[in-house]
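The data block below is data_25.cif; it holds mmCIF, C-alpha atoms.
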data_final
loop_
_atom_site.label_atom_id
_atom_site.label_comp_id
_atom_site.auth_asym_id
_atom_site.auth_seq_id
_atom_site.Cartn_x
_atom_site.Cartn_y
_atom_site.Cartn_z
CA MET L 195 18.73 91.54 103.41
CA THR L 196 21.26 91.64 100.54
CA LYS L 197 24.14 89.35 101.47
CA PRO L 198 27.84 89.80 100.70
CA ASN L 199 28.68 89.75 97.03
CA PRO L 200 29.13 86.17 95.81
CA SER L 201 32.07 85.49 93.56
CA ILE L 202 31.68 86.49 89.91
CA PRO L 203 33.27 83.84 87.70
CA PRO L 204 35.57 85.17 84.97
CA PHE L 205 34.63 84.70 81.33
CA SER L 206 34.72 81.10 80.18
CA LEU L 207 36.97 79.88 77.38
CA SER L 208 34.51 77.12 76.54
CA GLY L 209 31.45 77.92 74.46
CA TYR L 210 27.84 76.82 74.71
CA LYS L 211 25.69 75.21 72.03
CA ASP L 212 21.90 74.86 71.78
CA GLY L 213 21.29 77.32 74.56
CA ILE L 214 23.42 78.25 77.57
CA VAL L 215 23.72 75.94 80.56
CA HIS L 216 26.38 77.71 82.58
CA PRO L 217 28.08 75.44 85.13
CA THR L 218 28.59 78.10 87.80
CA LEU L 219 25.89 80.71 87.14
CA TRP L 220 22.14 81.03 87.33
CA LEU L 221 20.92 83.08 84.35
CA TRP L 222 17.61 84.82 83.69
CA ASP L 223 16.09 87.72 81.71
CA SER L 224 17.68 88.79 78.44
CA TRP L 225 18.28 91.64 76.02
CA THR L 226 20.28 91.79 72.81
CA TYR L 227 21.70 93.92 70.03
CA LYS L 228 23.30 92.99 66.72
CA GLU L 229 26.41 94.42 65.10
CA GLY L 230 27.31 92.95 61.73
CA HIS L 231 27.28 89.18 62.13
CA GLN L 232 27.85 89.38 65.87
CA LEU L 233 24.87 88.95 68.17
CA HIS L 234 25.30 90.27 71.70
CA LEU L 235 23.23 88.84 74.54
CA TYR L 236 22.98 90.17 78.09
CA ALA L 237 21.39 88.43 81.07
CA LEU L 238 21.07 88.75 84.81
CA ALA L 239 23.49 86.38 86.49
CA LEU L 240 24.29 85.05 89.94
CA SER L 241 26.80 82.49 91.14
CA ARG L 242 25.24 79.13 92.00
CA SER L 243 27.08 79.17 95.33
CA ALA L 244 28.08 81.72 97.96
CA GLU L 245 31.69 82.57 98.76
CA ASP L 246 31.77 79.91 101.48
CA GLY L 247 30.55 77.25 99.06
CA THR L 248 26.96 77.20 100.31
CA PRO L 249 24.60 76.55 97.39
CA ILE L 250 22.39 79.47 96.39
CA LEU L 251 18.94 78.17 95.52
CA PRO L 252 17.02 79.88 92.68
CA GLU L 253 14.19 80.89 95.00
CA HIS L 254 16.66 82.75 97.24
CA ARG L 255 18.45 84.70 94.52
CA ASN L 256 16.91 88.06 95.49
CA ASP L 257 18.89 87.85 98.73
CA TYR L 258 22.09 88.41 96.76
CA PRO L 259 23.44 91.10 94.44
CA PHE L 260 23.38 90.15 90.76
CA HIS L 261 25.64 91.07 87.89
CA ILE L 262 24.89 91.57 84.20
CA ARG L 263 26.55 88.92 82.03
CA HIS L 264 27.54 89.34 78.38
CA PHE L 265 27.51 86.57 75.76
CA GLU L 266 28.28 86.70 72.04
CA SER L 267 27.27 84.58 69.03
CA SER L 268 28.45 84.62 65.42
CA ASP L 269 26.05 81.93 64.19
CA LYS L 270 22.62 83.44 64.93
CA GLY L 271 22.42 82.12 68.46
CA GLU L 272 23.26 78.50 67.75
CA SER L 273 26.36 78.78 69.94
CA TRP L 274 27.55 81.34 72.48
CA SER L 275 30.78 82.56 74.06
CA ASP L 276 30.84 83.93 77.60
CA LEU L 277 32.44 87.39 77.72
CA GLY L 278 32.03 87.91 81.46
CA SER L 279 30.47 90.55 83.71
CA VAL L 280 29.71 94.05 82.41
CA LEU L 281 27.97 95.66 85.41
CA THR L 282 27.61 95.07 89.14
CA ARG L 283 26.13 97.16 91.93
CA SER L 284 27.84 100.42 92.80
CA PRO L 285 30.22 100.51 95.80
CA ASP L 286 28.88 104.00 96.60
CA PRO L 287 26.26 103.53 99.35
CA ASP L 288 24.44 106.64 98.13
CA SER L 289 24.14 105.41 94.54
CA TYR L 290 20.77 104.54 93.02
CA TYR L 291 22.20 101.09 92.20
CA SER L 292 24.04 100.40 95.46
CA ARG L 293 21.89 97.38 96.38
CA ASN L 294 21.47 95.59 93.06
CA VAL L 295 21.15 95.80 89.27
CA TRP L 296 18.29 94.32 87.26
CA SER L 297 17.36 94.05 83.62
CA GLY L 298 17.84 96.58 80.88
CA SER L 299 18.73 97.00 77.22
CA ALA L 300 21.47 97.74 74.70
CA THR L 301 20.83 99.79 71.56
CA ARG L 302 23.25 100.87 68.84
CA LEU L 303 23.20 104.63 68.35
CA PRO L 304 23.80 106.22 64.91
CA ASP L 305 27.39 107.07 65.92
CA ASN L 306 27.94 103.38 66.90
CA ARG L 307 27.99 104.01 70.64
CA LYS L 308 25.75 101.68 72.62
CA LEU L 309 23.01 103.10 74.83
CA MET L 310 22.82 100.79 77.83
CA GLY L 311 19.76 100.73 80.06
CA PHE L 312 19.49 99.04 83.44
CA THR L 313 17.44 98.96 86.63
CA GLY L 314 19.10 100.23 89.77
CA PHE L 315 18.16 99.29 93.33
CA ARG L 316 19.03 101.61 96.19
CA ASN L 317 20.32 100.34 99.51
CA LEU L 318 17.44 101.26 101.83
CA ASP L 319 16.66 98.65 104.49
CA GLU L 320 15.50 95.06 104.92
CA ASP L 321 11.82 95.99 104.57
CA HIS L 322 12.34 98.06 101.40
CA PRO L 323 14.66 96.04 99.12
CA PHE L 324 12.79 96.75 95.87
CA LEU L 325 12.98 100.52 95.29
CA GLN L 326 13.76 100.66 91.57
CA SER L 327 15.17 103.41 89.38
CA ILE L 328 15.72 103.65 85.64
CA GLY L 329 19.37 104.13 84.71
CA PHE L 330 21.25 104.74 81.46
CA ALA L 331 24.89 104.53 80.47
CA ILE L 332 27.04 104.50 77.35
CA SER L 333 29.32 101.74 76.12
CA SER L 334 31.84 102.14 73.33
CA ASP L 335 31.91 98.44 72.46
CA GLY L 336 29.25 96.69 74.54
CA MET L 337 31.93 95.16 76.77
CA ALA L 338 31.46 97.49 79.75
CA PHE L 339 29.07 100.14 81.02
CA GLU L 340 30.78 103.54 80.69
CA GLN L 341 29.58 107.05 81.46
CA ILE L 342 26.94 105.74 83.84
CA ALA L 343 24.58 108.59 84.69
CA GLN L 344 25.20 109.81 88.22
CA LYS L 345 21.47 110.30 88.75
CA PRO L 346 18.70 107.98 87.56
CA ALA L 347 16.57 109.04 84.63
CA SER L 348 13.48 108.19 86.67
CA CYS L 349 13.04 107.35 90.34
CA PRO L 350 9.63 106.67 91.97
CA ASN L 351 10.78 108.32 95.18
CA ARG L 352 12.25 111.47 93.64
CA ASP L 353 9.69 111.76 90.82
CA TYR L 354 6.66 110.46 92.70
CA ASP L 355 4.26 113.30 91.87
CA ALA L 356 5.23 113.49 88.18
CA ILE L 357 4.79 109.74 87.76
CA ILE L 358 1.35 109.81 89.35
CA GLU L 359 0.32 112.83 87.27
CA ALA L 360 1.32 110.98 84.09
CA GLY L 361 -1.26 108.30 84.92
CA TYR L 362 0.82 105.59 86.57
CA TYR L 363 0.17 103.82 89.85
CA LEU L 364 2.58 103.93 92.77
CA GLY L 365 1.78 102.81 96.28
CA PRO L 366 2.03 105.09 99.33
CA LYS L 367 5.37 106.87 99.28
CA ASP L 368 6.58 105.41 102.57
CA GLN L 369 5.94 101.92 101.19
CA LEU L 370 7.85 102.28 97.90
CA GLY L 371 9.91 99.17 97.32
CA HIS L 372 8.43 97.30 100.28
CA LYS L 373 9.03 93.55 100.31
CA ASP L 374 5.32 92.91 100.95
CA GLY L 375 4.23 94.63 97.75
CA GLU L 376 1.89 97.52 97.00
CA GLU L 377 -1.50 97.73 98.71
CA GLY L 378 -2.12 93.99 98.51
CA GLY L 379 -0.52 93.54 95.09
CA PRO L 380 2.97 92.43 94.06
CA ILE L 381 6.07 94.58 94.42
CA LEU L 382 6.67 97.94 92.81
CA ALA L 383 7.08 97.79 89.02
CA TRP L 384 9.40 100.49 87.67
CA ARG L 385 12.11 98.46 85.95
CA ASP L 386 13.53 96.79 82.82
CA PRO L 387 14.09 99.81 80.52
CA TYR L 388 14.18 98.94 76.82
CA THR L 389 15.27 101.57 74.31
CA PHE L 390 14.11 101.83 70.70
CA ILE L 391 14.97 104.31 67.93
CA ASP L 392 12.08 105.11 65.59
CA ARG L 393 12.19 106.07 61.89
CA ASP L 394 12.57 109.76 62.80
CA GLY L 395 15.55 109.11 65.04
CA VAL L 396 13.59 109.65 68.27
CA ILE L 397 14.80 107.49 71.14
CA HIS L 398 11.98 105.83 73.07
CA ALA L 399 12.23 103.93 76.34
CA PHE L 400 9.71 101.39 77.61
CA TRP L 401 9.67 99.64 80.97
CA SER L 402 7.53 97.69 83.42
CA ALA L 403 4.94 99.72 85.31
CA LYS L 404 1.44 99.52 86.82
CA VAL L 405 -1.85 101.40 86.60
CA SER L 406 -3.24 99.88 89.83
CA PRO L 407 -1.89 97.60 92.57
CA LYS L 408 -2.66 94.47 90.50
CA VAL L 409 -2.76 95.67 86.89
CA GLY L 410 0.45 95.80 84.91
CA ALA L 411 1.21 98.32 82.16
CA ILE L 412 4.14 99.57 80.10
CA ALA L 413 5.80 102.89 80.87
CA HIS L 414 6.79 105.01 77.86
CA ALA L 415 9.20 107.92 77.67
CA THR L 416 11.18 109.74 75.01
CA LEU L 417 14.81 110.54 75.74
CA ILE L 418 17.28 113.30 75.00
CA GLU L 419 21.04 113.40 75.44
CA THR L 420 22.53 116.10 77.67
CA LYS L 421 25.96 116.70 79.15
CA ALA L 422 24.87 114.53 82.08
CA GLY L 423 23.89 111.64 79.82
CA PHE L 424 20.56 110.41 78.51
CA GLU L 425 17.56 111.85 80.32
CA ILE L 426 13.79 111.73 80.00
CA ASP L 427 12.42 114.46 77.78
CA THR L 428 8.77 113.42 78.17
CA LEU L 429 7.16 110.77 80.34
CA HIS L 430 4.11 109.73 78.33
CA PRO L 431 0.94 108.17 79.77
CA PRO L 432 1.07 104.42 80.36
CA ILE L 433 0.56 101.97 77.53
CA THR L 434 -2.19 99.54 78.45
CA LEU L 435 -2.58 96.06 77.00
CA PRO L 436 -5.81 94.40 75.85
CA ASP L 437 -5.51 91.62 78.45
CA ALA L 438 -4.15 93.88 81.20
CA LYS L 439 -6.60 92.61 83.83
CA SER L 440 -4.89 89.21 83.73
CA ILE L 441 -1.39 90.70 84.07
CA THR L 442 -0.17 91.98 87.41
CA GLN L 443 3.40 92.48 86.20
CA ALA L 444 4.26 93.29 82.55
CA GLU L 445 8.00 92.72 82.59
CA VAL L 446 11.11 93.06 80.38
CA PRO L 447 9.27 94.64 77.40
CA LYS L 448 10.83 94.67 73.92
CA LEU L 449 9.75 96.55 70.78
CA TYR L 450 10.40 95.66 67.13
CA PHE L 451 9.29 97.27 63.86
CA ASP L 452 8.09 95.56 60.69
CA ALA L 453 8.71 98.17 57.96
CA LEU L 454 7.21 95.84 55.35
CA ASN L 455 3.78 96.01 56.98
CA ASP L 456 4.21 99.24 58.96
CA THR L 457 3.60 97.32 62.17
CA TYR L 458 5.16 97.42 65.62
CA TYR L 459 5.51 94.28 67.72
CA MET L 460 5.79 94.32 71.49
CA LEU L 461 7.05 91.31 73.43
CA ILE L 462 6.48 91.14 77.17
CA SER L 463 6.96 88.62 79.95
CA ALA L 464 3.66 88.51 81.83
CA CYS L 465 3.11 87.40 85.40
CA ASP L 466 -0.21 87.01 87.24
CA ARG L 467 1.13 86.98 90.81
CA LEU L 468 -1.61 88.50 92.94
CA PHE L 469 0.40 89.20 96.07
CA GLU L 470 3.88 88.73 97.49
CA GLY L 471 4.20 85.43 99.31
CA GLN L 472 1.73 83.70 96.99
CA ASN L 473 2.71 80.08 96.37
CA ASP L 474 4.69 79.80 93.15
CA SER L 475 2.52 76.87 92.07
CA GLU L 476 -0.38 79.33 91.80
CA VAL L 477 1.53 81.81 89.61
CA THR L 478 1.64 81.65 85.81
CA LYS L 479 4.39 83.25 83.73
CA THR L 480 3.92 83.62 79.98
CA LEU L 481 5.48 85.29 76.97
CA ARG L 482 2.98 87.53 75.16
CA LEU L 483 3.26 89.25 71.80
CA TYR L 484 1.19 92.20 70.57
CA LYS L 485 1.06 94.33 67.44
CA ALA L 486 0.01 97.88 66.59
CA HIS L 487 0.30 100.37 63.74
CA ASN L 488 1.23 103.15 66.14
CA ILE L 489 3.93 103.04 68.78
CA ARG L 490 1.34 104.14 71.34
CA GLY L 491 -1.16 101.50 70.26
CA PRO L 492 -3.88 100.39 70.46
CA TRP L 493 -2.17 97.05 70.89
CA VAL L 494 -3.85 93.78 69.96
CA SER L 495 -2.77 90.15 69.94
CA TYR L 496 -0.20 89.30 67.28
CA LYS L 497 -2.74 86.77 65.99
CA ASP L 498 -5.68 89.18 66.02
CA GLU L 499 -8.65 87.58 67.80
CA HIS L 500 -6.50 84.87 69.40
CA SER L 501 -4.64 85.02 72.69
CA PRO L 502 -1.37 86.99 72.71
CA ILE L 503 0.26 84.16 74.67
CA ILE L 504 2.96 82.56 72.50
CA PRO L 505 2.33 78.80 72.56
CA GLY L 506 4.90 76.05 72.89
CA LEU L 507 7.32 77.88 75.17
CA PRO L 508 6.88 76.23 78.58
CA ASN L 509 8.61 77.97 81.49
CA MET L 510 10.24 80.57 79.24
CA PHE L 511 10.38 84.17 80.45
CA GLY L 512 12.44 87.32 79.87
CA ALA L 513 12.84 86.54 76.16
CA SER L 514 14.37 88.49 73.26
CA ILE L 515 13.73 88.33 69.53
CA ILE L 516 17.11 87.90 67.84
CA GLU L 517 16.07 87.69 64.19
CA THR L 518 13.03 88.88 62.21
CA ASP L 519 11.80 87.66 58.82
CA PHE L 520 8.56 89.54 58.39
CA ALA L 521 8.24 88.54 54.74
CA ALA L 522 8.14 84.90 55.83
CA GLY L 523 6.12 85.70 58.94
CA GLN L 524 8.71 84.30 61.33
CA LEU L 525 10.65 85.48 64.36
CA LYS L 526 13.58 83.83 66.10
CA LEU L 527 13.55 84.07 69.86
CA ILE L 528 15.93 83.26 72.69
CA ALA L 529 14.69 82.88 76.24
CA PRO L 530 15.82 81.85 79.70
CA VAL L 531 13.94 79.09 81.48
CA THR L 532 12.33 79.87 84.84
CA GLU L 533 12.93 78.16 88.15
CA CYS L 534 9.67 76.21 87.60
CA ALA L 535 11.44 73.97 85.07
CA SER L 536 13.33 70.79 85.89
CA ALA L 537 16.50 71.12 87.97
CA GLU L 538 18.83 70.71 84.98
CA LYS L 539 17.04 73.41 82.94
CA GLN L 540 16.04 76.05 85.48
CA LEU L 541 17.70 79.46 85.09
CA THR L 542 19.50 78.44 81.89
CA PHE L 543 18.90 79.54 78.29
CA ALA L 544 16.89 77.33 75.96
CA PRO L 545 17.92 76.85 72.30
CA VAL L 546 16.65 79.38 69.75
CA GLN L 547 12.89 79.11 69.13
CA THR L 548 10.91 79.94 65.98
CA ILE L 549 7.68 81.96 66.28
CA ASN L 550 5.17 81.94 63.41
CA LEU L 551 3.23 85.15 62.98
#
Output the file's structure in the form of structure tokens.
Amino acid sequence: MTKPNPSIPPFSLSGYKDGIVHPTLWLWDSWTYKEGHQLHLYALALSRSAEDGTPILPEHRNDYPFHIRHFESSDKGESWSDLGSVLTRSPDPDSYYSRNVWSGSATRLPDNRKLMGFTGFRNLDEDHPFLQSIGFAISSDGMAFEQIAQKPASCPNRDYDAIIEAGYYLGPKDQLGHKDGEEGGPILAWRDPYTFIDRDGVIHAFWSAKVSPKVGAIAHATLIETKAGFEIDTLHPPITLPDAKSITQAEVPKLYFDALNDTYYMLISACDRLFEGQNDSEVTKTLRLYKAHNIRGPWVSYKDEHSPIIPGLPNMFGASIIETDFAAGQLKLIAPVTECASAEKQLTFAPVQTINL
């Protein structure tokens, strides 16, 4: 059951160097956009303690409503300033994000508005806390979500038949969002929308999905803007990954384009959880990077015949690439650290990492 909203600390006047270890917040997942020399970072956030002072343990964070936190850097991620909360759950009990908000994206549009994506959770009941919908909003400056669409762009409950017809997997309709998962697999995956504008100006959206109860995939849609906001023009068939059978959840996807080599790169956070309730010591979480010459694939490992798992990033998940140097074959990446890390590092951000292509 989602508990009363814990306090949301105001923005902090002190900055953070070599990562972000926030004294009063747990942080995880990330997405970014750049404007001039300013790098904007967003993350899911939750107070480390409840309103009565009771500590909130990382493994219990899904019992509480999150908020989306905004950070800013002017030195390529070496240091960060905390700009505070930009989105919380809706107070409207009928809203598609009345229970919680999860990960999303921020993309600069040609007119300098920011297209903000997020995952909304509806307030159903204790047995169905994970019904997810894809939401979009506009922000004028990245500091707040404005013009939030009144209806989700995609909802597994509302759009069940269309999603199935497009080739995706959803469990039985009466079990959507169930805490025990889907037909023996982990929970519903219809979350973490990431938007990307291609060379022709087409706006694409990618998010976490499945093609069977235990096989993760990436959802793909193209968007259009209407008077009601950004909506799905076409829901394309799922994008499958070459190592899909080892991935039960393909989460927080990101897409980047190397114009020098006419190559797309896709970064995902991969989980192999087989079923809800599985011991965390049996679950592996990895960052994986793929490449393709077409936005639809076929996708292969970024190092061709080698594994797509990025080495040297223990316990990192929900990452974002913040700088690309394709001529030098290098990427700069920022990532939160999972709850499997040591107590002082869990649910904080690690310093910027360098990835060699």
Rank L:Leu303, L:Ile357, L:Leu461, L:Leu370 by their smallest atom-to-atom distance to L:Asp319, using all atoms listed in the file, and report the top residue only.
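Nearest candidate to L:Asp319 out of L:Leu303, L:Ile357, L:Leu461, L:Leu370: L:Leu370.
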List every protein, DNA or RNA residue that has an atom no more than 10 Å from (34.1, 82.6, 77.6) in the file's coordinate frame, counting all atoms listed in the file, and report them as a list of chain:residue names.
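Returned residue set, sorted by chain then number, is L:Pro204, L:Phe205, L:Ser206, L:Leu207, L:Ser208, L:Gly209, L:Tyr210, L:His264, L:Phe265, L:Glu266, L:Trp274, L:Ser275, L:Asp276, L:Leu277, L:Gly278.
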For the PyMOL selection byres ((chain L and resi 349) around 9), applied here, can you spell out every residue it catches as a list of chain:residue names?
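Taken over the shown coordinates, the PyMOL selection byres ((chain L and resi 349) around 9) returns L:Tyr290, L:Leu325, L:Gln326, L:Ser327, L:Ile328, L:Pro346, L:Ala347, L:Ser348, L:Pro350, L:Asn351, L:Arg352, L:Asp353, L:Tyr354, L:Ile357, L:Trp384.
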Determine the residue set returned by the PyMOL selection byres ((chain L and resi 549) around 6) for the present structure, and present it as a list of chain:residue names.
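Selected by the PyMOL selection byres ((chain L and resi 549) around 6) in this file: L:Gln524, L:Leu525, L:Thr548, L:Asn550.
Each of L:Leu281, L:Leu435, L:Val295, L:Leu251 was checked against L:Arg316 using all atoms listed in the file; the smallest atom-to-atom distance is that of L:Val295.
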Just so the selection is clear, what residues does the PyMOL selection byres ((chain L and resi 472-478) around 10) cover here, as a PyMOL selection string?
chain L and resi 253+380+441+464-471+479-480+509+533-534
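Residue nearest L:Thr542 within the list L:Tyr227, L:Phe390, L:Tyr258, L:Trp220: L:Trp220 [criterion: smallest interatomic distance, all atoms listed in the file].
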Have a look at L:Ile250, L:Ala537, L:Ile262, L:Ile489 and name the one nearest to L:Tyr458; count all atoms listed in the file.
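Nearest candidate to L:Tyr458 out of L:Ile250, L:Ala537, L:Ile262, L:Ile489: L:Ile489.
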Give me, please, the distance in Å between atom CA of L:Thr532 and atom CA of L:Thr389, quoted to one decimal.
24.3 Å
Pick from L:Leu449, L:Ile381, L:Met337, L:Ile391 nearest to L:Ile412, counting only C-alpha atoms:
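Closest candidate: L:Leu449.
Rounded to one decimal, atom CA of L:Leu309 and atom CA of L:Pro447 lie 16.3 Å from each other.
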From the list L:Leu541, L:Ala383, L:Leu551, L:Leu527, which residue is nearest L:Leu240 when using all atoms listed in the file?
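Closest candidate: L:Leu541.
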Straight-line distance linking atom CA of L:Pro431 with atom CA of L:Ser292, stated in Å to one decimal
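Distance reported for this atom pair: 29.0 Å.
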L:Asp212 environment, 12 Å, all atoms listed in the file, sequence neighbours closer than 5 positions dropped, as an NGL selection string
:L and (267 or 269-275 or 528-529 or 542-547)
